[in-house]
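All remarks here apply to the structure that follows.
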Amino acid sequence: MFVRDKMVTELVVVSPQDTILGTRRLMIEKQIRHMPVVEDGRLVGIVTDRDIRDAMPSLLFEEGVEPEVCKEIAEHIISDIMTPDPITISVVHTLQDALLIMYHKKVGAFPVVDEEGHLLGIIAIRDILKAFINLLNIEEPGTLLCVVVEEKPGQMKKVVDVITEENISLGSVLVARYWDEDHRALFPYLLTCNVATVKRKLMDLGFELIEPMDMLLDQVPVNEKE
Amino acid sequence: MNETGKTGLVCDERCLLHDTGDHHPESASRLRAVYAWLKESGLAAQLVPIEAQPANQRWIEAVHNIHYIRKFEDACLYGLPDFEHTDNVICRDSYDAALLSAGGVLEAVDAVVSGRLDRVFCALRPPGHHAERDKSMGFCYFNNVAIAARYLQLQHGIEKVAIIDFDVHHGNGIQHIFEEDPTVLYCSLHEHPSFAWPGTGRDFEEGKGEGEGFTFNVPVLPGRGDKEYRKAVEMRIKPKVKAFQPEFLLVAMGFDAHADDLMADIQLTAEGFDFLSRTVVELAECCTGGRVISVLEGGYNPLTLPRLVESHLRILAGLEK
Ligand SMILES: [Zn+2]
């Protein structure tokens with residue numbers, strides 16, 4: 001789960017001297033929201049669709065605008081509006097790193113650079129979401145169980161043993177703190193529709209199966225260190 | 001109202017030869033229990049019996065890829081233990097049973113289109129609504145209901161078919177087969193796909209291209225039951241089907257949303273199922289001149305399934321106790 005494996009490497013870039021109008025056209029055509037700005041192979045800035053929008057009042061596209069205004073805006077170049085020295089990330093950062101930086105810095109995409117600042121790729125929130133969708137396996141057909149277990153060693157093993165006995169593939173397992181201190185909730189995502197026997201066996205072992213809905217994840221205490 | 005003698009029942013003992021073993025939820029004993037109860041309760045004798053015929057391959061091919069059909073036949077011939085996924089346990093007779101299961105629904109179509117019958121319930125297996133064009137899933141090999149819809153169109157010239165799917169699982173196969181087709185409306189009520197297999201059927205899946213707006217999914221959260229189903233049917237499903245003005249109604253009738261069915265987490269009661277059955281009758285009366293074919297999909301608790309099927313059939317036939 002390294003940035004290297006999930007970043008986009010087919011890059012479209014502009015130079016600081018390119019015009020805003022030309023860049024806008026390119027971004028629309030290629031459906032790009034974050035455009036790296038490169039000079040001599042090195043990353044010098046980034047321009048977002050929002051920067052472009054802010055730089056171009058919508059009246060520009062209405063009729064009757066003074067030609068001088070149009071001309072002035074048209075002459076603006078990328079270096080006037082780009083964010084210089086943007087936050088970057090390296091190929092050996094993990095996706096978890098990228099996710100945390102994106103969340104805390106409120107940034108939607110990072111240029112990926114090497115030690116000399118050469119641009120190697122770009123990674124956006126969408127690429128990371130795709131990786132986590134794969135990790136959770138939620139595009140594979142499966143059934144989610146919610147098993148409440150005591151907070152003591154060996155509980156997970158018992159649950160996994162039952163799943164293994166039934167010859168069922170595990171898509172993913174999430175573990176969450178339950179609202180009561182001595183319990184955890186396990187969410188095995190089973191790649192089968194055939195869950196009746198597994199459920200019965202887990203209940204026979206004394207595990208509590210609750211409706212996943214009762215496990216309100218947004219009510220689980222989390223460390224908010226904003 | 002439904003005249004007596006106009007409701008049919010398709011049963012075929014040969015469907016019991018699809019042997020998945022005693023521990024498999026979709027076992028022969030599940031259907032055997034249904035057959036036994038329909039006989040014992042005297043209901044079967046009040047209905048017009050229809051025997052299944054193996055579906056002509058032409059109609060299977062109207063839905064499924066030919067290579068997939070051959071691959072499934074080969075797997076059965078070679079005596080493989082399962083097909084494409086360990087869920088899908090097969091035996092040498094599974095291919096023939098699947099042809100009968102699809103073919104039985106086509107017999108029902110002929111009986112209803114010809115006017116001999118108004119309503120038919122098909123108590124056959126293997127089920128079908130998860131089967132994709134080229135992939136078996138969730139105990140399903142041939143998509144019986146989808147094949148019947150195509151047969152209605154191609155053989156009988158019926159243009160607009162509505163399919164309602166009450167199985168607790170989303171009928172991914174039916175949805176995908178018709179998602180670009182505006183002539184077939186697919187409406188499904190099922191447990192929310194974040195919790196229940198197969199993970200499709202989210203409410204933003206609404207069809208594609210020309211078929212946009214002709215796929216309609218109503219996911220229900222786990223633990224919910226009669227009340228939510230009633231609301232969803234009244235507010236969402238009924239208006240959608242009526243607005244479509246179908247010429248024919250097919251129902252993928254699963255009974256696994258029952259509270260005692262451990263395959264999913266919906267808590268429907270027998271009364272909840274009666275409400276669904278009455279909905280089927282009401283929609284048929286209102287849209288298709290009373291014509292409807294209901295086809296067994298899931299339902300895995302052998303203790304509750306027979307009576308749920310009986311009650312469904314009684315309501316279809318107007319023979320409520
Ligand atoms: Zn089902």
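In the structure tokens, chains take letters A, B, ... by order of appearance, with residues numbered from 1 within each chain and ligands from 1 in the order shown.
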Residues within 6 Å of ligand 1, counting only C-alpha atoms and all ligand atoms: report them as a PyMOL selection string. chain B and resi 167-169+254+256+298
Next, the residues of the selection above should be written as a tab-separated table (two decimals), in the first residue's frame with N, CA, C and O atoms.
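Result saved to selection-v1.tsv:
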```
chain	number	residue	atom	x	y	z
B	167	ASP	N	-37.25	-11.16	-3.03
B	167	ASP	CA	-36.22	-11.91	-2.30
B	167	ASP	C	-35.44	-10.93	-1.43
B	167	ASP	O	-35.26	-9.77	-1.80
B	168	VAL	N	-34.96	-11.40	-0.29
B	168	VAL	CA	-34.26	-10.49	0.63
B	168	VAL	C	-32.91	-10.03	0.07
B	168	VAL	O	-32.37	-9.01	0.48
B	169	HIS	N	-32.40	-10.81	-0.89
B	169	HIS	CA	-31.15	-10.43	-1.55
B	169	HIS	C	-31.47	-9.70	-2.86
B	169	HIS	O	-32.46	-10.01	-3.52
B	254	GLY	N	-38.85	-14.54	-3.32
B	254	GLY	CA	-38.03	-15.18	-2.29
B	254	GLY	C	-38.75	-15.07	-0.96
B	254	GLY	O	-39.52	-14.14	-0.74
B	256	ASP	N	-36.88	-15.42	1.94
B	256	ASP	CA	-35.79	-15.35	2.92
B	256	ASP	C	-35.74	-14.05	3.71
B	256	ASP	O	-34.85	-13.84	4.53
B	298	GLY	N	-35.34	-17.48	-3.18
B	298	GLY	CA	-34.80	-18.00	-1.93
B	298	GLY	C	-35.87	-18.33	-0.91
B	298	GLY	O	-37.08	-18.28	-1.19
```
Residue neighbourhood Ser15 in chain A, 8 Å, only C-alpha atoms, exclusion window fewer than 6 positions, as a ChimeraX atom specification: /A:37-39,78
List as a VMD selection string the protein and nucleic acid residues near Gly41 in chain A, meaning an atom at most 9 Å away when only C-alpha atoms are counted, but skip any in the same chain fewer than 6 places from it. chain A and resid 117 to 119
Would you write out those residues with all heavy atoms, as a compact mmCIF listing (two decimals), in the first residue's frame?
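Saved to selection-v7.txt:
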```
# COMPACT_ATOMS: atom_id res chain seq x y z
N GLY A 117 13.05 16.74 -6.36
CA GLY A 117 11.88 17.54 -6.72
C GLY A 117 11.34 17.26 -8.10
O GLY A 117 10.49 17.99 -8.61
N HIS A 118 11.84 16.19 -8.75
CA HIS A 118 11.27 15.82 -10.05
C HIS A 118 9.90 15.22 -9.86
O HIS A 118 9.71 14.39 -8.96
CB HIS A 118 12.17 14.81 -10.78
CG HIS A 118 13.51 15.37 -11.14
ND1 HIS A 118 14.66 15.00 -10.49
CD2 HIS A 118 13.87 16.29 -12.06
CE1 HIS A 118 15.68 15.67 -11.00
NE2 HIS A 118 15.22 16.46 -11.95
N LEU A 119 8.99 15.62 -10.73
CA LEU A 119 7.61 15.13 -10.61
C LEU A 119 7.51 13.70 -11.14
O LEU A 119 7.89 13.41 -12.27
CB LEU A 119 6.67 16.05 -11.41
CG LEU A 119 5.20 15.69 -11.35
CD1 LEU A 119 4.65 15.89 -9.95
CD2 LEU A 119 4.40 16.53 -12.35
```
Please identify every residue of chain B that has at least one atom no more than 7 Å from any atom of chain A, counting only C-alpha atoms, and report them as a ChimeraX atom specification. /B:87,138,195-199,222-223,262-263
Could you please take those selected residues and save C-alpha atoms as an mmCIF file, in the first residue's frame?
```cif
data_model
loop_
_atom_site.group_PDB
_atom_site.id
_atom_site.type_symbol
_atom_site.label_atom_id
_atom_site.label_comp_id
_atom_site.auth_asym_id
_atom_site.auth_seq_id
_atom_site.Cartn_x
_atom_site.Cartn_y
_atom_site.Cartn_z
ATOM 1 C CA ASP B 87 -21.484 -21.598 -2.763
ATOM 2 C CA GLY B 138 -25.719 -17.426 -5.093
ATOM 3 C CA PHE B 195 -24.899 -5.695 4.980
ATOM 4 C CA ALA B 196 -26.402 -8.386 2.785
ATOM 5 C CA TRP B 197 -25.045 -10.307 -0.138
ATOM 6 C CA PRO B 198 -24.368 -9.588 -3.036
ATOM 7 C CA GLY B 199 -23.542 -5.934 -2.357
ATOM 8 C CA PRO B 222 -31.140 -4.843 8.648
ATOM 9 C CA GLY B 223 -33.446 -5.530 11.580
ATOM 10 C CA LEU B 262 -30.786 -16.730 9.048
ATOM 11 C CA MET B 263 -29.553 -15.978 5.532
#
```
Can you pull out every residue from range 12-180 of chain A that DSSP, working from the backbone, puts in strand (DSSP E), and format the result as a ChimeraX atom specification? /A:34-39,42-48,83-84,109-113,119-124,143-144,147-150,170-177
Output N, CA, C and O atoms of each residue in that selection to a file, as a short mmCIF file (atom, residue, chain, number, x, y, z; two decimals), in the first residue's frame.
```cif
data_model
loop_
_atom_site.label_atom_id
_atom_site.label_comp_id
_atom_site.auth_asym_id
_atom_site.auth_seq_id
_atom_site.Cartn_x
_atom_site.Cartn_y
_atom_site.Cartn_z
N HIS A 34 -6.43 18.84 -10.58
CA HIS A 34 -5.18 19.31 -9.99
C HIS A 34 -4.08 19.24 -11.05
O HIS A 34 -3.74 18.16 -11.49
N MET A 35 -3.57 20.39 -11.42
CA MET A 35 -2.60 20.43 -12.51
C MET A 35 -1.22 20.81 -11.96
O MET A 35 -1.03 21.91 -11.44
N PRO A 36 -0.24 19.89 -12.04
CA PRO A 36 1.11 20.22 -11.58
C PRO A 36 1.76 21.23 -12.54
O PRO A 36 1.54 21.19 -13.75
N VAL A 37 2.52 22.14 -11.96
CA VAL A 37 3.23 23.13 -12.76
C VAL A 37 4.73 22.78 -12.69
O VAL A 37 5.29 22.65 -11.61
N VAL A 38 5.31 22.58 -13.86
CA VAL A 38 6.66 22.02 -13.91
C VAL A 38 7.58 22.94 -14.71
O VAL A 38 7.17 23.48 -15.73
N GLU A 39 8.79 23.09 -14.21
CA GLU A 39 9.80 23.86 -14.94
C GLU A 39 11.10 23.07 -14.90
O GLU A 39 11.54 22.67 -13.81
N ARG A 42 11.22 19.91 -12.85
CA ARG A 42 10.98 19.99 -11.41
C ARG A 42 9.63 20.63 -11.12
O ARG A 42 9.22 21.56 -11.81
N LEU A 43 9.02 20.13 -10.08
CA LEU A 43 7.73 20.68 -9.68
C LEU A 43 7.91 22.05 -9.05
O LEU A 43 8.73 22.21 -8.13
N VAL A 44 7.20 23.05 -9.56
CA VAL A 44 7.32 24.38 -8.95
C VAL A 44 5.99 24.88 -8.36
O VAL A 44 5.97 25.85 -7.61
N GLY A 45 4.90 24.18 -8.69
CA GLY A 45 3.63 24.64 -8.15
C GLY A 45 2.50 23.72 -8.54
O GLY A 45 2.71 22.71 -9.20
N ILE A 46 1.30 24.09 -8.09
CA ILE A 46 0.12 23.33 -8.50
C ILE A 46 -1.03 24.31 -8.71
O ILE A 46 -1.09 25.36 -8.04
N VAL A 47 -1.87 24.00 -9.67
CA VAL A 47 -3.03 24.84 -9.95
C VAL A 47 -4.27 23.95 -9.91
O VAL A 47 -4.27 22.86 -10.49
N THR A 48 -5.29 24.40 -9.20
CA THR A 48 -6.52 23.60 -9.15
C THR A 48 -7.60 24.27 -10.00
O THR A 48 -7.47 25.44 -10.38
N THR A 83 -0.26 27.78 -6.71
CA THR A 83 0.27 27.67 -5.35
C THR A 83 1.71 27.18 -5.48
O THR A 83 1.94 26.06 -5.92
N PRO A 84 2.68 28.05 -5.15
CA PRO A 84 4.07 27.60 -5.27
C PRO A 84 4.43 26.65 -4.13
O PRO A 84 3.80 26.68 -3.08
N ALA A 109 -5.31 16.45 -3.46
CA ALA A 109 -4.38 15.66 -4.27
C ALA A 109 -2.95 16.13 -3.99
O ALA A 109 -2.74 17.28 -3.60
N PHE A 110 -2.02 15.22 -4.15
CA PHE A 110 -0.61 15.56 -3.96
C PHE A 110 0.20 15.22 -5.20
O PHE A 110 0.07 14.12 -5.72
N PRO A 111 1.12 16.11 -5.57
CA PRO A 111 2.13 15.70 -6.53
C PRO A 111 3.11 14.76 -5.80
O PRO A 111 3.39 14.95 -4.63
N VAL A 112 3.56 13.76 -6.52
CA VAL A 112 4.54 12.83 -5.96
C VAL A 112 5.90 13.17 -6.58
O VAL A 112 6.02 13.23 -7.81
N VAL A 113 6.89 13.43 -5.74
CA VAL A 113 8.19 13.88 -6.27
C VAL A 113 9.33 13.03 -5.69
O VAL A 113 9.17 12.39 -4.65
N LEU A 119 8.99 15.62 -10.73
CA LEU A 119 7.61 15.13 -10.61
C LEU A 119 7.51 13.70 -11.14
O LEU A 119 7.89 13.41 -12.27
N LEU A 120 7.00 12.79 -10.32
CA LEU A 120 6.88 11.38 -10.71
C LEU A 120 5.43 10.96 -10.95
O LEU A 120 5.17 10.01 -11.68
N GLY A 121 4.53 11.66 -10.30
CA GLY A 121 3.13 11.26 -10.45
C GLY A 121 2.25 12.18 -9.64
O GLY A 121 2.71 13.17 -9.08
N ILE A 122 0.98 11.82 -9.60
CA ILE A 122 0.06 12.60 -8.77
C ILE A 122 -0.91 11.60 -8.14
O ILE A 122 -1.25 10.58 -8.74
N ILE A 123 -1.26 11.85 -6.88
CA ILE A 123 -2.22 10.95 -6.24
C ILE A 123 -3.34 11.78 -5.64
O ILE A 123 -3.11 12.78 -4.96
N ALA A 124 -4.56 11.39 -5.97
CA ALA A 124 -5.73 12.16 -5.53
C ALA A 124 -6.57 11.31 -4.58
O ALA A 124 -6.42 10.09 -4.53
N THR A 143 -21.27 -10.80 2.49
CA THR A 143 -22.22 -10.54 3.57
C THR A 143 -21.46 -10.02 4.78
O THR A 143 -20.43 -10.58 5.15
N LEU A 144 -21.95 -8.97 5.37
CA LEU A 144 -21.30 -8.39 6.55
C LEU A 144 -21.93 -8.95 7.82
O LEU A 144 -23.13 -8.90 7.99
N VAL A 147 -20.15 -9.20 15.00
CA VAL A 147 -20.01 -10.11 16.13
C VAL A 147 -19.44 -9.32 17.30
O VAL A 147 -18.39 -8.69 17.19
N VAL A 148 -20.14 -9.35 18.42
CA VAL A 148 -19.64 -8.66 19.61
C VAL A 148 -18.80 -9.66 20.39
O VAL A 148 -19.25 -10.76 20.70
N VAL A 149 -17.54 -9.28 20.67
CA VAL A 149 -16.66 -10.21 21.39
C VAL A 149 -16.11 -9.51 22.64
O VAL A 149 -16.01 -8.29 22.69
N GLU A 150 -15.76 -10.35 23.62
CA GLU A 150 -15.15 -9.79 24.82
C GLU A 150 -13.74 -9.31 24.50
O GLU A 150 -13.06 -9.87 23.65
N LEU A 170 -12.66 -14.84 3.46
CA LEU A 170 -12.87 -13.56 4.14
C LEU A 170 -12.52 -12.43 3.17
O LEU A 170 -11.41 -12.39 2.65
N GLY A 171 -13.44 -11.51 2.98
CA GLY A 171 -13.15 -10.34 2.15
C GLY A 171 -12.34 -9.32 2.93
O GLY A 171 -11.35 -8.79 2.45
N SER A 172 -12.75 -9.08 4.16
CA SER A 172 -12.03 -8.16 5.04
C SER A 172 -12.58 -8.33 6.45
O SER A 172 -13.63 -8.95 6.65
N VAL A 173 -11.85 -7.82 7.41
CA VAL A 173 -12.35 -7.80 8.79
C VAL A 173 -12.06 -6.43 9.37
O VAL A 173 -10.94 -5.94 9.32
N LEU A 174 -13.07 -5.80 9.90
CA LEU A 174 -12.88 -4.55 10.63
C LEU A 174 -13.09 -4.83 12.10
O LEU A 174 -13.92 -5.65 12.48
N VAL A 175 -12.33 -4.13 12.92
CA VAL A 175 -12.51 -4.26 14.37
C VAL A 175 -12.84 -2.87 14.90
O VAL A 175 -12.16 -1.91 14.56
N ALA A 176 -13.86 -2.78 15.72
CA ALA A 176 -14.22 -1.48 16.27
C ALA A 176 -14.46 -1.61 17.76
O ALA A 176 -14.91 -2.65 18.24
N ARG A 177 -14.17 -0.58 18.46
CA ARG A 177 -14.48 -0.55 19.87
C ARG A 177 -16.01 -0.49 20.02
O ARG A 177 -16.69 0.22 19.30
#
```
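If you measure from each of B:Val218, B:Leu319, B:Val109, B:Ile50 to Val233 in chain B using only C-alpha atoms, the closest one turns out to be B:Val218.
Among the candidates B:Gln46, B:Gln53, B:Thr86, B:Asn144, the one nearest to Glu166 in chain A when counting only C-alpha atoms is B:Thr86.
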Per DSSP on the backbone, what are the helix (DSSP H, G or I) residues of range 21-113 of chain B, as a ChimeraX atom specification? /B:28-40,44-46,57-61,66-77,94-113
